[in-house]
file upload_23.cif (mmCIF, C-alpha atoms)
data_final
#
loop_
_atom_site.group_PDB
_atom_site.id
_atom_site.type_symbol
_atom_site.label_atom_id
_atom_site.label_comp_id
_atom_site.auth_asym_id
_atom_site.auth_seq_id
_atom_site.Cartn_x
_atom_site.Cartn_y
_atom_site.Cartn_z
ATOM 1 C CA MET A 1 117.475 108.083 132.682
ATOM 2 C CA ALA A 2 115.418 108.811 129.559
ATOM 3 C CA LYS A 3 117.208 108.540 126.233
ATOM 4 C CA PHE A 4 118.140 111.824 124.564
ATOM 5 C CA THR A 5 116.274 111.814 121.234
ATOM 6 C CA PHE A 6 116.452 113.722 117.961
ATOM 7 C CA LEU A 7 113.488 115.791 119.143
ATOM 8 C CA ASP A 8 115.357 116.642 122.354
ATOM 9 C CA LEU A 9 118.289 117.711 120.197
ATOM 10 C CA ALA A 10 116.077 119.979 118.077
ATOM 11 C CA GLU A 11 114.437 121.508 121.143
ATOM 12 C CA GLU A 12 117.800 122.202 122.801
ATOM 13 C CA VAL A 13 119.152 123.904 119.669
ATOM 14 C CA LEU A 14 116.010 125.928 118.957
ATOM 15 C CA LYS A 15 115.873 127.234 122.528
ATOM 16 C CA ASN A 16 119.074 129.110 121.745
ATOM 17 C CA SER A 17 117.949 130.514 118.388
ATOM 18 C CA SER A 18 116.064 133.766 117.908
ATOM 19 C CA THR A 19 114.560 132.527 114.632
ATOM 20 C CA PRO A 20 113.283 129.218 113.204
ATOM 21 C CA LEU A 21 115.937 127.134 111.460
ATOM 22 C CA ASP A 22 116.168 124.584 108.661
ATOM 23 C CA ILE A 23 117.210 120.995 109.337
ATOM 24 C CA SER A 24 120.824 121.371 108.244
ATOM 25 C CA THR A 25 121.316 124.421 110.487
ATOM 26 C CA ILE A 26 119.734 122.658 113.466
ATOM 27 C CA TRP A 27 122.133 119.765 112.943
ATOM 28 C CA LYS A 28 125.189 122.019 112.521
ATOM 29 C CA ASN A 29 124.304 124.003 115.647
ATOM 30 C CA GLY A 30 123.847 120.710 117.471
ATOM 31 C CA LEU A 31 127.323 119.647 116.386
ATOM 32 C CA ALA A 32 128.791 122.937 117.578
ATOM 33 C CA SER A 33 127.094 122.698 120.993
ATOM 34 C CA LYS A 34 127.935 118.969 121.383
ATOM 35 C CA ALA A 35 124.206 118.201 121.710
ATOM 36 C CA VAL A 36 124.576 115.720 118.836
ATOM 37 C CA ASP A 37 126.870 113.590 121.008
ATOM 38 C CA LYS A 38 123.976 112.960 123.408
ATOM 39 C CA VAL A 39 121.893 111.301 120.679
ATOM 40 C CA GLY A 40 124.494 108.646 119.916
ATOM 41 C CA SER A 41 123.172 107.915 116.426
ATOM 42 C CA LYS A 42 125.324 105.550 114.354
ATOM 43 C CA GLY A 43 123.519 106.111 111.040
ATOM 44 C CA LYS A 44 125.318 107.532 108.012
ATOM 45 C CA THR A 45 122.829 110.401 107.551
ATOM 46 C CA PRO A 46 121.528 111.252 111.057
ATOM 47 C CA TRP A 47 120.394 114.739 109.972
ATOM 48 C CA ILE A 48 117.865 113.053 107.683
ATOM 49 C CA SER A 49 116.551 111.094 110.676
ATOM 50 C CA LEU A 50 116.332 114.373 112.590
ATOM 51 C CA GLY A 51 114.246 115.900 109.797
ATOM 52 C CA ALA A 52 111.962 112.876 109.630
ATOM 53 C CA ARG A 53 111.271 113.002 113.386
ATOM 54 C CA LEU A 54 110.416 116.699 113.215
ATOM 55 C CA TYR A 55 108.122 116.249 110.208
ATOM 56 C CA VAL A 56 106.203 113.415 111.857
ATOM 57 C CA ASP A 57 105.942 115.240 115.177
ATOM 58 C CA THR A 58 104.627 118.484 113.661
ATOM 59 C CA LYS A 59 102.224 116.572 111.426
ATOM 60 C CA ASP A 60 100.769 113.967 113.792
ATOM 61 C CA ASN A 61 101.290 115.309 117.319
ATOM 62 C CA ALA A 62 98.715 117.957 118.215
ATOM 63 C CA LYS A 63 100.687 118.749 121.382
ATOM 64 C CA SER A 64 104.006 119.145 119.582
ATOM 65 C CA CYS A 65 106.208 121.911 120.957
ATOM 66 C CA PHE A 66 107.479 122.606 117.444
ATOM 67 C CA LEU A 67 106.064 124.712 114.630
ATOM 68 C CA ARG A 68 106.821 124.139 110.960
ATOM 69 C CA THR A 69 106.566 126.615 108.130
ATOM 70 C CA GLY A 70 107.686 127.087 104.528
ATOM 71 C CA ASP A 71 108.353 124.622 101.763
ATOM 72 C CA ASN A 72 111.823 125.120 100.319
ATOM 73 C CA PRO A 73 113.454 125.592 102.720
ATOM 74 C CA VAL A 74 111.275 124.178 105.496
ATOM 75 C CA LEU A 75 111.921 125.869 108.848
ATOM 76 C CA PHE A 76 111.247 124.632 112.380
ATOM 77 C CA GLY A 77 110.855 126.647 115.558
ATOM 78 C CA LEU A 78 109.467 126.340 119.082
ATOM 79 C CA LYS A 79 105.887 127.432 119.686
ATOM 80 C CA SER A 80 106.937 128.876 123.043
ATOM 81 C CA ILE A 81 109.542 131.161 121.434
ATOM 82 C CA HIS A 82 108.969 131.572 117.711
ATOM 83 C CA THR A 83 105.763 133.097 116.408
ATOM 84 C CA ALA A 84 104.344 132.436 112.962
ATOM 85 C CA GLN A 85 105.380 135.995 112.022
ATOM 86 C CA GLN A 86 109.012 135.282 112.958
ATOM 87 C CA ALA A 87 108.909 132.108 110.889
ATOM 88 C CA GLN A 88 107.589 134.007 107.869
ATOM 89 C CA GLU A 89 110.284 136.680 108.269
ATOM 90 C CA ALA A 90 112.946 133.945 108.384
ATOM 91 C CA ILE A 91 111.614 132.481 105.124
ATOM 92 C CA ILE A 92 111.642 135.902 103.457
ATOM 93 C CA LYS A 93 115.241 136.400 104.605
ATOM 94 C CA VAL A 94 116.321 133.089 103.097
ATOM 95 C CA GLU A 95 114.426 133.659 99.853
ATOM 96 C CA SER A 96 115.947 137.141 99.470
ATOM 97 C CA ILE A 97 119.400 135.667 98.826
ATOM 98 C CA PRO A 98 120.224 136.275 95.142
ATOM 99 C CA LYS A 99 119.852 133.233 92.940
ATOM 100 C CA LEU A 100 123.255 131.951 91.964
ATOM 101 C CA LYS A 101 124.114 130.646 88.543
ATOM 102 C CA GLU A 102 125.006 126.972 88.345
ATOM 103 C CA ARG A 103 128.522 127.804 87.210
ATOM 104 C CA ASN A 104 129.028 129.833 90.370
ATOM 105 C CA LEU A 105 128.972 126.471 92.122
ATOM 106 C CA HIS A 106 131.772 124.906 90.051
ATOM 107 C CA PRO A 107 134.602 126.169 92.314
ATOM 108 C CA LEU A 108 132.759 124.744 95.314
ATOM 109 C CA LEU A 109 132.492 121.323 93.683
ATOM 110 C CA ALA A 110 136.193 121.444 92.688
ATOM 111 C CA PHE A 111 137.052 122.168 96.334
ATOM 112 C CA PHE A 112 134.823 119.372 97.619
ATOM 113 C CA ALA A 113 136.018 116.785 95.078
ATOM 114 C CA LYS A 114 139.682 117.363 95.899
ATOM 115 C CA LEU A 115 139.329 117.352 99.674
ATOM 116 C CA TYR A 116 136.393 115.010 100.267
ATOM 117 C CA LEU A 117 135.873 112.844 97.171
ATOM 118 C CA GLY A 118 139.011 110.776 97.151
ATOM 119 C CA ASP A 119 141.433 113.472 95.966
ATOM 120 C CA ALA A 120 139.601 113.919 92.657
ATOM 121 C CA TYR A 121 140.231 116.674 90.105
ATOM 122 C CA VAL A 122 137.361 118.125 88.068
ATOM 123 C CA LYS A 123 137.080 120.046 84.800
ATOM 124 C CA THR A 124 134.180 122.186 83.559
ATOM 125 C CA ILE A 125 132.653 121.122 80.242
ATOM 126 C CA TYR A 126 131.267 124.096 78.326
ATOM 127 C CA HIS A 127 128.252 122.842 76.394
ATOM 128 C CA GLU A 128 128.274 125.880 74.115
ATOM 129 C CA LYS A 129 131.560 124.711 72.594
ATOM 130 C CA SER A 130 130.013 121.506 71.267
ATOM 131 C CA LEU A 131 129.684 121.002 67.534
ATOM 132 C CA LYS A 132 126.056 119.895 67.845
ATOM 133 C CA LYS A 133 123.834 122.124 69.987
ATOM 134 C CA SER A 134 120.705 119.949 70.267
ATOM 135 C CA PHE A 135 120.185 117.790 73.352
ATOM 136 C CA ASN A 136 123.546 118.842 74.809
ATOM 137 C CA GLU A 137 122.068 118.936 78.292
ATOM 138 C CA TRP A 138 121.333 115.197 78.004
ATOM 139 C CA LEU A 139 124.688 114.285 76.468
ATOM 140 C CA HIS A 140 127.310 116.413 78.208
ATOM 141 C CA PRO A 141 127.872 116.481 81.966
ATOM 142 C CA ASP A 142 128.461 119.870 83.597
ATOM 143 C CA LEU A 143 131.792 118.721 84.984
ATOM 144 C CA VAL A 144 133.953 115.639 84.612
ATOM 145 C CA GLY A 145 136.507 114.353 87.058
ATOM 146 C CA VAL A 146 139.362 111.932 87.525
ATOM 147 C CA ARG A 147 140.629 110.164 90.610
ATOM 148 C CA PHE A 148 144.068 108.552 90.595
ATOM 149 C CA PRO A 149 144.450 105.791 93.211
ATOM 150 C CA ASP A 150 147.444 106.278 95.466
ATOM 151 C CA LEU A 151 149.476 103.406 94.042
ATOM 152 C CA HIS A 152 153.200 102.745 94.135
ATOM 153 C CA VAL A 153 154.724 103.019 90.649
ATOM 154 C CA ASP A 154 155.291 99.247 90.502
ATOM 155 C CA ALA A 155 151.712 98.538 91.595
ATOM 156 C CA ARG A 156 150.458 100.976 88.960
ATOM 157 C CA SER A 157 152.505 99.244 86.253
ATOM 158 C CA LEU A 158 151.232 95.829 87.303
ATOM 159 C CA ALA A 159 147.628 97.074 87.250
ATOM 160 C CA ALA A 160 148.132 98.335 83.695
ATOM 161 C CA THR A 161 149.704 95.025 82.668
ATOM 162 C CA ALA A 162 146.732 93.169 84.143
ATOM 163 C CA GLY A 163 144.384 95.297 82.071
ATOM 164 C CA GLU A 164 143.073 97.310 85.022
ATOM 165 C CA LEU A 165 142.823 101.073 84.625
ATOM 166 C CA PRO A 166 144.743 102.861 87.410
ATOM 167 C CA PHE A 167 142.217 105.720 87.525
ATOM 168 C CA LYS A 168 138.490 106.422 87.871
ATOM 169 C CA LEU A 169 136.496 108.794 85.677
ATOM 170 C CA LEU A 170 133.616 110.744 87.233
ATOM 171 C CA SER A 171 130.638 112.666 85.824
ATOM 172 C CA PHE A 172 128.722 115.477 87.556
ATOM 173 C CA GLU A 173 125.314 117.001 86.795
ATOM 174 C CA LEU A 174 125.008 120.253 88.758
ATOM 175 C CA LYS A 175 121.820 122.075 89.823
ATOM 176 C CA ARG A 176 121.190 125.105 92.017
ATOM 177 C CA SER A 177 118.367 123.281 93.793
ATOM 178 C CA LEU A 178 116.547 119.969 93.863
ATOM 179 C CA ASN A 179 112.852 119.562 94.696
ATOM 180 C CA PHE A 180 109.885 117.592 93.416
ATOM 181 C CA SER A 181 109.371 119.988 90.492
ATOM 182 C CA ASN A 182 112.749 119.224 88.913
ATOM 183 C CA LEU A 183 113.777 115.907 90.482
ATOM 184 C CA ARG A 184 112.889 113.545 87.633
ATOM 185 C CA GLU A 185 114.375 115.654 84.857
ATOM 186 C CA SER A 186 117.530 116.446 86.851
ATOM 187 C CA PHE A 187 118.057 112.875 87.977
ATOM 188 C CA PHE A 188 117.681 111.320 84.549
ATOM 189 C CA GLN A 189 119.897 113.995 83.048
ATOM 190 C CA ALA A 190 122.543 112.751 85.487
ATOM 191 C CA VAL A 191 121.837 109.145 84.446
ATOM 192 C CA SER A 192 122.148 110.018 80.744
ATOM 193 C CA ASN A 193 125.206 112.234 81.131
ATOM 194 C CA SER A 194 127.174 109.747 83.217
ATOM 195 C CA SER A 195 126.671 106.532 81.231
ATOM 196 C CA TRP A 196 130.278 106.673 80.005
ATOM 197 C CA ALA A 197 131.957 107.061 83.421
ATOM 198 C CA HIS A 198 132.893 104.852 86.357
ATOM 199 C CA GLN A 199 130.693 106.971 88.652
ATOM 200 C CA GLY A 200 127.997 109.593 88.181
ATOM 201 C CA TYR A 201 126.797 112.243 90.626
ATOM 202 C CA LEU A 202 123.859 114.643 90.875
ATOM 203 C CA VAL A 203 124.979 117.756 92.761
ATOM 204 C CA ALA A 204 122.922 120.618 94.228
ATOM 205 C CA ALA A 205 123.308 123.470 96.702
ATOM 206 C CA ASN A 206 119.718 123.454 97.959
ATOM 207 C CA ILE A 207 118.067 120.065 98.401
ATOM 208 C CA LYS A 208 114.503 119.848 99.700
ATOM 209 C CA GLU A 209 114.618 118.362 103.169
ATOM 210 C CA SER A 210 111.222 116.662 103.467
ATOM 211 C CA PRO A 211 111.301 112.925 104.266
ATOM 212 C CA ASP A 212 109.101 112.160 101.232
ATOM 213 C CA PHE A 213 111.499 113.914 98.889
ATOM 214 C CA LEU A 214 114.664 112.489 100.442
ATOM 215 C CA GLY A 215 113.093 109.044 100.416
ATOM 216 C CA GLU A 216 112.409 109.278 96.672
ATOM 217 C CA LEU A 217 115.883 110.668 96.034
ATOM 218 C CA LYS A 218 117.420 107.793 97.989
ATOM 219 C CA ARG A 219 115.306 105.259 96.054
ATOM 220 C CA LEU A 220 116.381 106.663 92.686
ATOM 221 C CA SER A 221 120.004 106.787 93.791
ATOM 222 C CA GLY A 222 119.920 103.146 94.863
ATOM 223 C CA SER A 223 118.105 102.018 91.721
ATOM 224 C CA PHE A 224 120.360 103.764 89.196
ATOM 225 C CA GLY A 225 123.647 104.040 91.090
ATOM 226 C CA ILE A 226 123.799 107.846 90.861
ATOM 227 C CA GLY A 227 125.424 109.502 93.873
ATOM 228 C CA VAL A 228 123.992 112.679 95.393
ATOM 229 C CA ILE A 229 126.167 115.512 96.722
ATOM 230 C CA SER A 230 124.842 118.405 98.798
ATOM 231 C CA LEU A 231 126.962 121.572 98.512
ATOM 232 C CA ASP A 232 126.945 124.042 101.402
ATOM 233 C CA ILE A 233 127.446 127.614 100.174
ATOM 234 C CA GLU A 234 127.810 129.119 103.640
ATOM 235 C CA ASN A 235 130.109 126.429 105.043
ATOM 236 C CA PRO A 236 131.912 124.617 102.186
ATOM 237 C CA ASP A 237 133.503 122.106 104.565
ATOM 238 C CA ASP A 238 130.003 120.962 105.546
ATOM 239 C CA SER A 239 129.189 119.827 102.001
ATOM 240 C CA SER A 240 128.562 116.093 101.937
ATOM 241 C CA VAL A 241 127.732 112.990 99.926
ATOM 242 C CA LEU A 242 124.110 112.270 100.839
ATOM 243 C CA TYR A 243 124.029 109.004 98.889
ATOM 244 C CA PRO A 244 127.135 107.284 97.473
ATOM 245 C CA ALA A 245 127.497 106.492 93.783
ATOM 246 C CA GLY A 246 127.634 102.972 92.473
ATOM 247 C CA GLU A 247 130.652 102.065 90.370
ATOM 248 C CA ARG A 248 130.750 100.647 86.864
ATOM 249 C CA LYS A 249 133.620 98.274 86.239
ATOM 250 C CA ASN A 250 133.951 99.156 82.558
ATOM 251 C CA LEU A 251 133.945 102.482 80.732
ATOM 252 C CA ASP A 252 131.578 103.065 77.794
ATOM 253 C CA TRP A 253 134.134 103.836 75.080
ATOM 254 C CA ASP A 254 131.498 104.505 72.414
ATOM 255 C CA SER A 255 130.008 107.286 74.533
ATOM 256 C CA ILE A 256 133.469 108.597 75.410
ATOM 257 C CA ASN A 257 134.330 108.726 71.721
ATOM 258 C CA LYS A 258 131.095 110.589 70.917
ATOM 259 C CA LEU A 259 131.720 113.147 73.655
ATOM 260 C CA ALA A 260 135.348 113.664 72.599
ATOM 261 C CA SER A 261 134.283 114.112 68.970
ATOM 262 C CA GLU A 262 131.712 116.767 69.827
ATOM 263 C CA ASN A 263 133.227 118.749 72.687
ATOM 264 C CA PRO A 264 136.805 120.127 72.780
ATOM 265 C CA ASP A 265 136.785 120.495 76.580
ATOM 266 C CA PHE A 266 136.079 116.801 77.023
ATOM 267 C CA SER A 267 138.674 115.877 74.411
ATOM 268 C CA GLN A 268 141.263 118.004 76.237
ATOM 269 C CA PHE A 269 140.278 116.375 79.534
ATOM 270 C CA LEU A 270 141.079 112.948 78.082
ATOM 271 C CA ARG A 271 144.471 114.201 76.873
ATOM 272 C CA ASP A 272 145.245 115.653 80.309
ATOM 273 C CA VAL A 273 144.405 112.369 82.033
ATOM 274 C CA ARG A 274 146.613 110.457 79.599
ATOM 275 C CA ILE A 275 149.522 112.879 80.144
ATOM 276 C CA ASP A 276 149.196 112.536 83.915
ATOM 277 C CA LEU A 277 149.127 108.751 83.638
ATOM 278 C CA ASP A 278 152.112 108.624 81.324
ATOM 279 C CA GLY A 279 154.104 111.063 83.447
ATOM 280 C CA LYS A 280 152.953 109.479 86.723
ATOM 281 C CA LYS A 281 152.256 112.980 88.023
ATOM 282 C CA VAL A 282 149.110 115.111 88.273
ATOM 283 C CA HIS A 283 149.219 118.581 86.698
ATOM 284 C CA PRO A 284 146.564 120.524 88.684
ATOM 285 C CA ALA A 285 146.721 123.546 86.358
ATOM 286 C CA GLU A 286 145.021 121.496 83.640
ATOM 287 C CA TYR A 287 141.883 121.062 85.763
ATOM 288 C CA ASP A 288 139.530 123.546 87.458
ATOM 289 C CA LYS A 289 141.336 125.663 90.039
ATOM 290 C CA ILE A 290 141.028 124.464 93.630
ATOM 291 C CA GLU A 291 140.587 127.417 95.970
ATOM 292 C CA LYS A 292 141.414 126.255 99.499
ATOM 293 C CA ASP A 293 140.984 129.656 101.141
ATOM 294 C CA ILE A 294 137.410 129.409 102.431
ATOM 295 C CA ASP A 295 136.718 133.159 102.366
ATOM 296 C CA LYS A 296 137.917 133.471 98.767
ATOM 297 C CA LEU A 297 135.971 130.357 97.812
ATOM 298 C CA LYS A 298 132.735 131.763 99.241
ATOM 299 C CA LEU A 299 133.232 134.956 97.234
ATOM 300 C CA LEU A 300 133.758 132.924 94.056
ATOM 301 C CA VAL A 301 130.493 131.127 94.717
ATOM 302 C CA ASN A 302 128.542 134.222 95.762
ATOM 303 C CA PRO A 303 130.250 137.450 94.602
ATOM 304 C CA THR A 304 127.577 139.529 96.397
ATOM 305 C CA ALA A 305 128.435 138.057 99.800
ATOM 306 C CA LYS A 306 130.185 140.286 102.314
ATOM 307 C CA PRO A 307 133.824 139.272 103.018
#

call {"tool": "encode", "arguments": {"input": "upload_23.cif", "output": "structure tokens"}}
result
Amino acid sequence: MAKFTFLDLAEEVLKNSSTPLDISTIWKNGLASKAVDKVGSKGKTPWISLGARLYVDTKDNAKSCFLRTGDNPVLFGLKSIHTAQQAQEAIIKVESIPKLKERNLHPLLAFFAKLYLGDAYVKTIYHEKSLKKSFNEWLHPDLVGVRFPDLHVDARSLAATAGELPFKLLSFELKRSLNFSNLRESFFQAVSNSSWAHQGYLVAANIKESPDFLGELKRLSGSFGIGVISLDIENPDDSSVLYPAGERKNLDWDSINKLASENPDFSQFLRDVRIDLDGKKVHPAEYDKIEKDIDKLKLLVNPTAKP
């Protein structure tokens, strides 16, 4: 019996779709229909492998049953079902969605960090509150976060006695979208803004899905230790860490001091972390609100969306 491949998966999903789809939607529909189970992939990011197979097939195989159109997002369909006109209409439909402001995405990141990033709490840093306005985008992260390991009180005390910090500080650079036109600037903003923290992340809601782009993003992530998070506006629970962040053992206290001196939000964040550590209890009200009701969360992210 022939092995069920990623291309077989894509074909099976697209046969049941009236319009061409992007890679993430093909993968999600494959999960829903259980077609993904037939592939048996053990990789950490199988949807990226799916995208790579489709790109190669539509580029190099003249007899490919798939058609490809668009750039960001890239859509795939079946030549036997989806015409070029349908593909263009699908692109127009996607591009007609109102552009969201980056801060519309903050509640979505707060939700993701708490539920899927090790029970972390995040806090928005308002750059406009800083004493010095120049180069703020390269100094201040968009959000900061803290993760408290689930330690018994005695284990926590021993860690402190041993000079180990019983918490992890996180830094997040947030973008609406990531593509080749803004990759370098966005990535090195994340590198600059996170130098003080244990971990730094670059976060976006729309990440270009081409293998060339994802390959470069993966290379940069591995080289500089910056994690990459993909936020899903339509299905918040499907947001994911594309590439994990490396971890610094030591905090950069000089940078922390500079940030605290210039920005009151960051200074307050440090006080909140200290209070939680001293009291051995997290006070969620001091951090960004975590909206666990998915419908309410989606409205916070996109107020124009229909309930």

call {"tool": "atom_distance", "arguments": {"input": "upload_23.cif", "atom1": "CA of Gly70 (chain A)", "atom2": "CA of Asp237 (chain A)"}}
result
26.3 Å

call {"tool": "atom_distance", "arguments": {"input": "upload_23.cif", "atom1": "CA of Ser80 (chain A)", "atom2": "CA of Asp22 (chain A)"}}
result
17.6 Å

call {"tool": "closest_residue", "arguments": {"input": "upload_23.cif", "among": "A:Asp57, A:Asn193, A:Pro149, A:Lys79", "to": "Lys281 (chain A)", "atoms": "all atoms listed in the file"}}
result
A:Pro149

call {"tool": "atom_distance", "arguments": {"input": "upload_23.cif", "atom1": "CA of Val13 (chain A)", "atom2": "CA of Leu31 (chain A)"}}
result
9.8 Å

call {"tool": "resolve_selection", "arguments": {"input": "upload_23.cif", "expression": "the PyMOL selection byres ((chain A and resi 271-273) around 12)", "output": "ChimeraX atom specification"}}
result
/A:120-123,144-148,165-169,260,264-270,274-287

call {"tool": "residues_around", "arguments": {"input": "upload_23.cif", "residues": "Phe76 (chain A)", "least_positions_apart": "3", "cutoff": "6 Å", "atoms": "all atoms listed in the file", "output": "list in words"}}
result
Pro20, Leu21, Leu67 and Arg68 of chain A

call {"tool": "resolve_selection", "arguments": {"input": "upload_23.cif", "expression": "the PyMOL selection byres ((chain A and resi 25) around 12)", "output": "PyMOL selection string"}}
result
chain A and resi 10+13-14+17+19-24+26-32+47+50-51+73-77+209+232+234-235+238

call {"tool": "closest_residue", "arguments": {"input": "upload_23.cif", "among": "A:Leu105, A:Leu100, A:Ala190, A:Ile294", "to": "Phe172 (chain A)", "atoms": "all atoms listed in the file"}}
result
A:Ala190

call {"tool": "residues_around", "arguments": {"input": "upload_23.cif", "residues": "Ser49 (chain A)", "least_positions_apart": "6", "cutoff": "12 Å", "atoms": "all atoms listed in the file", "output": "PyMOL selection string"}}
result
chain A and resi 5-7+9-10+23-24+27+39+41-43+55-56+209-211+214-215

call {"tool": "closest_residue", "arguments": {"input": "upload_23.cif", "among": "A:Ser186, A:Ser195, A:Thr304, A:Asn263", "to": "Thr124 (chain A)", "atoms": "only C-alpha atoms"}}
result
A:Asn263

call {"tool": "axis_aligned_box", "arguments": {"input": "upload_23.cif", "around": "region 293-300 of chain A", "padding_each_side": "4 Å", "output": "JSON"}}
result
{"center_x": 136.9, "center_y": 132.2, "center_z": 98.2, "size_x": 16.2, "size_y": 13.5, "size_z": 16.4}

call {"tool": "resolve_selection", "arguments": {"input": "upload_23.cif", "expression": "the PyMOL selection byres ((chain A and resi 239) around 9)", "output": "list in words"}}
result
Phe112, Tyr116, Ala205, Ile229, Ser230, Leu231, Asp232, Ile233, Asn235, Pro236, Asp237, Asp238, Ser240 and Val241 of chain A

call {"tool": "residues_near_point", "arguments": {"input": "upload_23.cif", "point": "(126.1, 111.2, 94.7)", "cutoff": "9 Å", "atoms": "only C-alpha atoms", "output": "PDB file with C-alpha atoms, in the frame of the given file"}}
result
ATOM      1  CA  PHE A 172     128.722 115.477  87.556  1.00  0.00           C
ATOM      2  CA  GLN A 199     130.693 106.971  88.652  1.00  0.00           C
ATOM      3  CA  GLY A 200     127.997 109.593  88.181  1.00  0.00           C
ATOM      4  CA  TYR A 201     126.797 112.243  90.626  1.00  0.00           C
ATOM      5  CA  LEU A 202     123.859 114.643  90.875  1.00  0.00           C
ATOM      6  CA  VAL A 203     124.979 117.756  92.761  1.00  0.00           C
ATOM      7  CA  SER A 221     120.004 106.787  93.791  1.00  0.00           C
ATOM      8  CA  GLY A 225     123.647 104.040  91.090  1.00  0.00           C
ATOM      9  CA  ILE A 226     123.799 107.846  90.861  1.00  0.00           C
ATOM     10  CA  GLY A 227     125.424 109.502  93.873  1.00  0.00           C
ATOM     11  CA  VAL A 228     123.992 112.679  95.393  1.00  0.00           C
ATOM     12  CA  ILE A 229     126.167 115.512  96.722  1.00  0.00           C
ATOM     13  CA  SER A 230     124.842 118.405  98.798  1.00  0.00           C
ATOM     14  CA  VAL A 241     127.732 112.990  99.926  1.00  0.00           C
ATOM     15  CA  LEU A 242     124.110 112.270 100.839  1.00  0.00           C
ATOM     16  CA  TYR A 243     124.029 109.004  98.889  1.00  0.00           C
ATOM     17  CA  PRO A 244     127.135 107.284  97.473  1.00  0.00           C
ATOM     18  CA  ALA A 245     127.497 106.492  93.783  1.00  0.00           C
ATOM     19  CA  GLY A 246     127.634 102.972  92.473  1.00  0.00           C
TER      20      GLY A 246
END

call {"tool": "closest_residue", "arguments": {"input": "upload_23.cif", "among": "A:Asn16, A:Ser223, A:Ser33, A:Ser194", "to": "Leu139 (chain A)", "atoms": "only C-alpha atoms"}}
result
A:Ser194

call {"tool": "closest_residue", "arguments": {"input": "upload_23.cif", "among": "A:Lys114, A:Arg176, A:Lys63, A:His140", "to": "Asn206 (chain A)", "atoms": "all atoms listed in the file"}}
result
A:Arg176

call {"tool": "closest_residue", "arguments": {"input": "upload_23.cif", "among": "A:Arg184, A:Arg248, A:His106, A:Lys175", "to": "Ile290 (chain A)", "atoms": "all atoms listed in the file"}}
result
A:His106
